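For reference, structure36.cif (mmCIF, C-alpha atoms):
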```
data_work
#
loop_
_atom_site.label_atom_id
_atom_site.label_comp_id
_atom_site.auth_asym_id
_atom_site.auth_seq_id
_atom_site.Cartn_x
_atom_site.Cartn_y
_atom_site.Cartn_z
CA MET W 170 17.19 5.54 -16.80
CA HIS W 171 14.47 5.97 -14.16
CA ARG W 172 14.76 9.35 -12.39
CA LEU W 173 13.00 9.32 -9.04
CA GLY W 174 12.56 11.69 -6.13
CA GLU W 175 12.51 10.04 -2.71
CA ILE W 176 12.38 6.26 -2.37
CA VAL W 177 11.17 4.75 0.91
CA ILE W 178 11.95 1.10 1.67
CA ILE W 179 9.67 -0.35 4.31
CA GLY W 180 11.64 -2.49 6.75
CA GLY W 181 15.35 -2.87 7.41
CA GLY W 182 15.39 -6.65 7.72
CA CYS W 183 16.14 -9.29 5.11
CA TYR W 184 13.79 -7.87 2.48
CA GLY W 185 14.77 -4.25 2.98
CA SER W 186 18.45 -5.11 2.94
CA PHE W 187 18.01 -7.00 -0.34
CA TYR W 188 16.07 -4.14 -1.96
CA LEU W 189 18.64 -1.58 -0.83
CA GLU W 190 21.57 -3.52 -2.27
CA GLN W 191 19.71 -4.13 -5.54
CA LEU W 192 18.86 -0.45 -5.93
CA ILE W 193 22.45 0.52 -5.27
CA LYS W 194 23.52 -1.93 -7.99
CA ALA W 195 20.89 -0.45 -10.30
CA ARG W 196 22.18 3.07 -9.67
CA GLU W 197 25.76 1.98 -10.31
CA ALA W 198 24.60 0.37 -13.57
CA GLY W 199 22.91 3.61 -14.67
CA ALA W 200 19.39 2.12 -14.51
CA VAL W 201 17.97 4.44 -11.84
CA GLU W 202 18.79 7.56 -9.87
CA TRP W 203 17.09 9.23 -6.92
CA ARG W 204 17.28 12.35 -4.82
CA ARG W 205 17.16 10.44 -1.52
CA LEU W 206 16.60 6.84 -0.43
CA LEU W 207 15.28 6.06 3.05
CA VAL W 208 15.06 2.68 4.81
CA ILE W 209 12.49 2.70 7.63
CA ASP W 210 12.77 0.40 10.64
CA ARG W 211 11.97 0.90 14.30
CA ASP W 212 15.22 -0.87 15.25
CA PRO W 213 18.30 1.33 14.73
CA ALA W 214 20.38 -1.88 14.83
CA CYS W 215 18.36 -3.69 12.15
CA GLN W 216 19.97 -5.81 9.44
CA VAL W 217 20.48 -2.82 7.14
CA ALA W 218 22.44 -1.04 9.87
CA ARG W 219 24.51 -4.14 10.64
CA GLU W 220 25.24 -5.47 7.17
CA SER W 221 24.59 -2.87 4.48
CA SER W 222 26.76 -0.06 3.28
CA LEU W 223 24.56 3.04 3.28
CA ARG W 224 26.08 4.85 0.31
CA GLN W 225 25.67 8.51 -0.56
CA GLY W 226 22.00 9.40 -0.92
CA CYS W 227 20.86 6.52 1.34
CA GLU W 228 19.74 6.84 4.96
CA LEU W 229 18.36 4.60 7.71
CA VAL W 230 15.46 6.16 9.66
CA ALA W 231 14.64 4.61 13.04
CA SER W 232 10.86 4.98 13.28
CA GLU W 233 7.58 3.09 13.43
CA TRP W 234 6.26 2.75 9.88
CA GLY W 235 2.95 4.50 10.49
CA GLU W 236 4.55 7.40 12.35
CA PHE W 237 7.05 7.89 9.56
CA LEU W 238 4.38 7.90 6.85
CA ASP W 239 2.28 10.41 8.78
CA ASP W 240 5.17 12.87 8.58
CA TRP W 241 6.74 11.96 5.25
CA LEU W 242 3.61 11.88 3.12
CA VAL W 243 2.66 15.45 3.99
CA ALA W 244 6.18 16.88 3.99
CA GLY W 245 6.80 18.95 0.87
CA ASP W 246 5.00 18.37 -2.40
CA ARG W 247 4.89 14.61 -2.93
CA GLY W 248 4.73 13.64 -6.58
CA ASP W 249 4.71 10.53 -8.75
CA ALA W 250 8.52 10.43 -8.58
CA ASP W 251 8.29 9.64 -4.85
CA ARG W 252 7.97 5.88 -4.43
CA LEU W 253 7.41 3.33 -1.69
CA VAL W 254 9.04 -0.11 -1.77
CA PRO W 255 6.77 -2.44 0.25
CA SER W 256 7.82 -5.50 2.19
CA PRO W 257 5.94 -8.73 1.39
CA LEU W 258 5.06 -9.09 5.07
CA MET W 259 4.07 -5.54 5.98
CA PRO W 260 0.51 -4.64 7.09
CA HIS W 261 -1.84 -2.63 4.85
CA LEU W 262 -0.02 0.61 5.72
CA MET W 263 -1.73 2.88 3.20
CA ALA W 264 -5.19 1.82 4.37
CA GLU W 265 -4.13 2.56 7.95
CA TRP W 266 -2.77 5.94 6.87
CA LEU W 267 -6.02 6.78 5.08
CA LEU W 268 -7.95 5.72 8.19
CA ARG W 269 -6.03 8.22 10.30
CA ARG W 270 -6.46 11.00 7.75
CA ALA W 271 -10.18 10.36 7.31
CA SER W 272 -10.71 10.29 11.09
CA GLU W 273 -9.31 13.80 11.26
CA ALA W 274 -11.29 14.93 8.21
CA TRP W 275 -14.65 13.82 9.67
CA PRO W 276 -14.33 14.07 13.48
CA ASP W 277 -18.13 14.10 13.90
CA ARG W 278 -18.60 10.78 12.10
CA HIS W 279 -17.66 7.20 12.72
CA VAL W 280 -14.61 6.33 10.61
CA ALA W 281 -13.28 2.77 10.65
CA LEU W 282 -11.94 -0.12 8.68
CA VAL W 283 -14.85 -2.55 8.37
CA PRO W 284 -14.56 -6.17 7.22
CA ALA W 285 -14.15 -6.69 3.48
CA ASP W 286 -16.34 -9.71 4.00
CA ARG W 287 -17.51 -10.48 0.45
CA PRO W 288 -15.30 -13.07 -1.31
CA ALA W 289 -13.50 -12.08 -4.50
CA GLY W 290 -13.26 -15.57 -5.94
CA THR W 291 -9.47 -15.90 -6.12
CA PRO W 292 -7.75 -19.27 -5.51
CA PHE W 293 -6.47 -18.02 -2.14
CA GLU W 294 -8.41 -15.67 0.15
CA PHE W 295 -8.08 -14.84 3.81
CA LEU W 296 -10.08 -12.35 5.87
CA ASN W 297 -8.07 -11.03 8.79
CA ASP W 298 -10.37 -10.84 11.80
CA ARG W 299 -8.15 -8.25 13.48
CA ASP W 300 -8.36 -5.47 10.90
CA GLY W 301 -10.97 -6.69 8.39
CA VAL W 302 -8.48 -6.71 5.50
CA ARG W 303 -9.05 -9.38 2.82
CA TYR W 304 -5.86 -10.91 1.46
CA LEU W 305 -6.06 -12.29 -2.07
CA SER W 306 -3.85 -14.28 -4.41
CA HIS W 307 -4.29 -15.66 -7.89
CA ALA W 308 -1.71 -18.31 -7.04
CA ASP W 309 -2.57 -21.54 -5.25
CA TRP W 310 1.13 -22.44 -5.17
CA THR W 311 4.21 -21.04 -3.42
CA CYS W 312 5.65 -18.19 -5.47
CA PRO W 313 9.37 -17.42 -5.78
CA VAL W 314 10.35 -14.96 -3.04
CA HIS W 315 11.47 -12.17 -5.36
CA CYS W 316 9.25 -12.90 -8.37
CA ILE W 317 8.85 -9.86 -10.64
CA GLU W 318 5.55 -11.26 -12.00
CA PRO W 319 6.51 -11.51 -15.69
CA ALA W 320 3.98 -12.14 -18.46
CA THR W 321 4.93 -15.84 -18.34
CA CYS W 322 4.48 -17.21 -14.83
CA PRO W 323 7.72 -18.92 -13.74
CA VAL W 324 5.83 -21.55 -11.73
CA ILE W 325 3.24 -22.79 -14.23
CA LYS W 326 5.46 -21.98 -17.26
CA ALA W 327 2.47 -20.44 -19.06
CA PRO W 328 1.11 -16.95 -19.77
CA ARG W 329 -0.22 -15.10 -16.75
CA LYS W 330 -3.89 -14.56 -17.58
CA TRP W 331 -4.83 -12.70 -14.41
CA GLU W 332 -4.35 -9.18 -13.08
CA MET W 333 -5.20 -8.36 -9.47
CA GLY W 334 -6.22 -4.80 -10.38
CA ASP W 335 -9.01 -6.16 -12.56
CA THR W 336 -10.10 -8.52 -9.79
CA VAL W 337 -10.33 -5.76 -7.18
CA THR W 338 -12.15 -3.48 -9.65
CA ARG W 339 -14.81 -6.15 -10.22
CA TRP W 340 -15.07 -6.66 -6.46
CA THR W 341 -15.62 -2.91 -6.02
CA VAL W 342 -18.36 -2.80 -8.66
CA GLU W 343 -20.24 -5.51 -6.78
CA GLN W 344 -19.69 -3.72 -3.48
CA ALA W 345 -21.11 -0.49 -4.95
CA ARG W 346 -24.39 -2.27 -5.70
CA ARG W 347 -24.88 -2.74 -1.95
CA GLN W 348 -24.01 0.75 -0.69
CA PRO W 349 -22.24 3.97 -1.77
CA THR W 350 -18.68 2.93 -2.58
CA ALA W 351 -15.73 4.82 -4.04
CA GLY W 352 -12.61 3.41 -5.63
CA PRO W 353 -10.89 1.15 -5.92
CA VAL W 354 -7.82 3.13 -5.01
CA LEU W 355 -4.97 0.81 -5.94
CA PHE W 356 -1.42 1.12 -4.71
CA THR W 357 0.01 -1.14 -7.39
CA CYS W 358 3.53 -2.43 -6.91
CA ARG W 359 5.31 -2.96 -10.24
CA HIS W 360 8.82 -4.16 -10.91
CA LEU W 361 11.06 -1.23 -11.77
CA THR W 362 14.58 -2.59 -12.04
CA HIS W 363 16.98 -5.20 -10.61
CA GLY W 364 14.20 -7.19 -8.93
CA VAL W 365 12.73 -4.27 -6.96
CA GLY W 366 9.06 -3.28 -7.15
CA MET W 367 7.55 -0.02 -5.91
CA TYR W 368 4.56 2.29 -6.28
CA PRO W 369 3.93 6.06 -6.30
CA VAL W 370 2.38 7.36 -3.08
CA THR W 371 0.24 10.12 -4.60
CA GLN W 372 -2.78 7.83 -4.91
CA GLY W 373 -3.37 8.37 -1.20
CA PHE W 374 -4.33 12.01 -1.70
CA ALA W 375 -6.54 11.13 -4.67
CA ALA W 376 -8.25 8.56 -2.44
CA LEU W 377 -9.15 11.14 0.18
CA ARG W 378 -10.57 13.47 -2.45
CA GLU W 379 -12.70 10.68 -3.93
CA LEU W 380 -14.01 9.68 -0.52
CA ALA W 381 -14.80 13.33 0.30
CA ARG W 382 -16.90 13.64 -2.86
CA LEU W 383 -18.81 10.49 -1.95
CA VAL W 384 -19.51 11.66 1.61
CA ASP W 385 -20.59 15.09 0.37
CA ARG W 386 -23.01 13.48 -2.06
CA HIS W 387 -24.48 10.73 0.14
CA GLY W 388 -23.61 11.76 3.69
CA ARG W 389 -21.69 8.49 4.09
CA GLY W 390 -19.69 6.06 2.04
CA ASP W 391 -17.06 3.37 1.75
CA LEU W 392 -13.71 3.49 0.00
CA VAL W 393 -12.03 0.36 -1.36
CA VAL W 394 -8.26 0.54 -0.83
CA GLY W 395 -5.98 -2.07 -2.34
CA SER W 396 -2.26 -2.64 -1.96
CA ILE W 397 -1.63 -5.02 -4.82
CA SER W 398 0.74 -6.49 -7.35
CA ALA W 399 -0.22 -8.38 -10.49
CA CYS W 400 -0.84 -11.61 -8.58
CA HIS W 401 -1.45 -10.74 -4.92
CA GLY W 402 -3.25 -8.10 -2.91
CA ALA W 403 -4.67 -6.77 0.33
CA VAL W 404 -8.10 -5.11 0.15
CA ALA W 405 -9.48 -2.87 2.86
CA LEU W 406 -12.85 -1.17 3.20
CA LEU W 407 -12.68 2.28 4.78
CA SER W 408 -16.09 3.39 6.02
CA VAL W 409 -17.37 6.87 6.91
CA GLU W 410 -20.76 6.79 8.67
CA SER W 411 -22.95 8.92 10.86
CA GLU W 412 -22.49 7.83 14.46
CA GLY W 413 -24.45 4.69 15.23
CA THR W 414 -25.39 3.73 11.66
CA ARG W 415 -22.99 0.81 11.44
CA VAL W 416 -21.12 -0.98 14.18
CA PRO W 417 -17.45 -1.39 13.25
CA ALA W 418 -16.13 -4.93 13.43
CA ALA W 419 -12.51 -4.20 12.69
CA GLY W 420 -9.87 -1.53 12.96
CA GLY W 421 -10.28 1.63 14.97
CA THR W 422 -10.17 5.38 14.78
CA LEU W 423 -6.80 7.03 15.09
CA GLY W 424 -5.91 10.69 15.08
CA GLY W 425 -3.78 12.50 12.50
CA SER W 426 -3.40 15.85 10.77
CA LEU W 427 -5.38 16.53 7.62
CA THR W 428 -3.86 17.35 4.26
CA PHE W 429 -5.48 16.33 1.00
CA GLY W 430 -2.36 17.09 -1.04
#
```

This structure in structure tokens:
Amino acid sequence: MHRLGEIVIIGGGCYGSFYLEQLIKAREAGAVEWRRLLVIDRDPACQVARESSLRQGCELVASEWGEFLDDWLVAGDRGDADRLVPSPLMPHLMAEWLLRRASEAWPDRHVALVPADRPAGTPFEFLNDRDGVRYLSHADWTCPVHCIEPATCPVIKAPRKWEMGDTVTRWTVEQARRQPTAGPVLFTCRHLTHGVGMYPVTQGFAALRELARLVDRHGRGDLVVGSISACHGAVALLSVESEGTRVPAAGGTLGGSLTFG
């Protein structure tokens, strides 16, 4: 039995509806329990609202994802029992949240997401020109939609010999040889039960503390932030600089209140 606090499902469309129904089945089977489960979607008439039965302890919240996280992550004492269920198609929300928090922490410095431009060497890589996030995959094939990433890969029918956390850690070590770099801070989605993966949100506060130590020591620094699973990942580079020392090529600076947790 997994005993959790608050579970947040990102998106009320086809993925969110599937995760909600699976978690309800898991609770009915005695595999998991929670204090509260929230599904977040900006559309109050999303698929979850139309098709799902929001049982006791489940709630649909009509909100933009970033706005919700700004409030929810600092409300109360978030712990490891509070989990986020990501959508396969969502943006790098935790990197964006950290960007807003860091911008408030260092208002006299330039804070931005800068391009994670150095390749990691995975079979699939894509650098998003809009936000500088590097998307990685150890698969050069189409994965099953709801794969739980078992030890034996269901596509190649052989042991999975890769782990994205190790890949991003190696990438970070190389990045640190170029300039002061903290991390990687990894929001690692792992299968919990009934085909649903999730991760604890507390790493975000640890990330801010690590970045603060780096800036205090060097006056500047970068933080590697990864939202990953065993096979896939999104890697962002959050930079804190004195004004004018590096021209940002991606992202922006957004406001937000400051709490290190």

Between atom CA of W:Gly248 and atom CA of W:Glu175, distance in Å (one decimal): 9.4 Å

Answer as a list of chain:residue names, residues within 8 Å of (9.1, 7.9, -3.8) using all atoms listed in the file: W:Leu173, W:Gly174, W:Glu175, W:Ile176, W:Val177, W:Arg247, W:Gly248, W:Asp249, W:Ala250, W:Asp251, W:Arg252, W:Leu253, W:Tyr368, W:Pro369, W:Val370

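Nearest residue to W:Lys330, choosing from W:Leu189, W:Val393, W:Leu223, W:Ala308 and counting all atoms listed in the file: W:Ala308.
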
Selection under test: the PyMOL selection byres ((chain W and resi 345-358) around 10); residues as number ranges by chain: W: 252-255, 263-264, 317, 333-334, 337-344, 359-361, 365-373, 375-377, 379-384, 386-399, 401-408

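Coordinates place atom CA of W:Phe237 at a distance of 23.2 Å from atom CA of W:Gly301.
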
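Here atom CA of W:Ser186 is placed at a distance of 17.6 Å from atom CA of W:Val201.
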
Residues within 6 Å of (10.5, 0.0, 11.6), file coords, all atoms listed in the file, listed as a VMD selection string: chain W and resid 180 209 to 211 232 to 234

Step by step, work through what the PyMOL selection byres ((chain W and resi 288) around 12) selects in the shown file, and finish by giving those residues as a CSV table (one decimal) with C-alpha atoms, in the coordinates of the input.
```csv
chain,number,residue,atom,x,y,z
W,284,PRO,CA,-14.6,-6.2,7.2
W,285,ALA,CA,-14.2,-6.7,3.5
W,286,ASP,CA,-16.3,-9.7,4.0
W,287,ARG,CA,-17.5,-10.5,0.4
W,289,ALA,CA,-13.5,-12.1,-4.5
W,290,GLY,CA,-13.3,-15.6,-5.9
W,291,THR,CA,-9.5,-15.9,-6.1
W,292,PRO,CA,-7.8,-19.3,-5.5
W,293,PHE,CA,-6.5,-18.0,-2.1
W,294,GLU,CA,-8.4,-15.7,0.2
W,295,PHE,CA,-8.1,-14.8,3.8
W,296,LEU,CA,-10.1,-12.4,5.9
W,302,VAL,CA,-8.5,-6.7,5.5
W,303,ARG,CA,-9.0,-9.4,2.8
W,304,TYR,CA,-5.9,-10.9,1.5
W,305,LEU,CA,-6.1,-12.3,-2.1
W,306,SER,CA,-3.8,-14.3,-4.4
W,336,THR,CA,-10.1,-8.5,-9.8
W,337,VAL,CA,-10.3,-5.8,-7.2
W,339,ARG,CA,-14.8,-6.2,-10.2
W,340,TRP,CA,-15.1,-6.7,-6.5
W,341,THR,CA,-15.6,-2.9,-6.0
W,343,GLU,CA,-20.2,-5.5,-6.8
W,344,GLN,CA,-19.7,-3.7,-3.5
W,404,VAL,CA,-8.1,-5.1,0.2
```

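Comparing W:Arg299, W:Cys215, W:Arg196, W:Leu207 by their smallest distance to W:Gly181, the closest is W:Cys215 (using only C-alpha atoms).
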
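The nearest approach to W:Glu318 among the residues W:Cys183, W:Cys400, W:Cys227, W:Ala244, with all atoms listed in the file taken into account, belongs to W:Cys400.
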
Output check: residues returned by the PyMOL selection byres ((chain W and resi 324) around 9), as a ChimeraX atom specification: /W:310-313,321-323,325-327
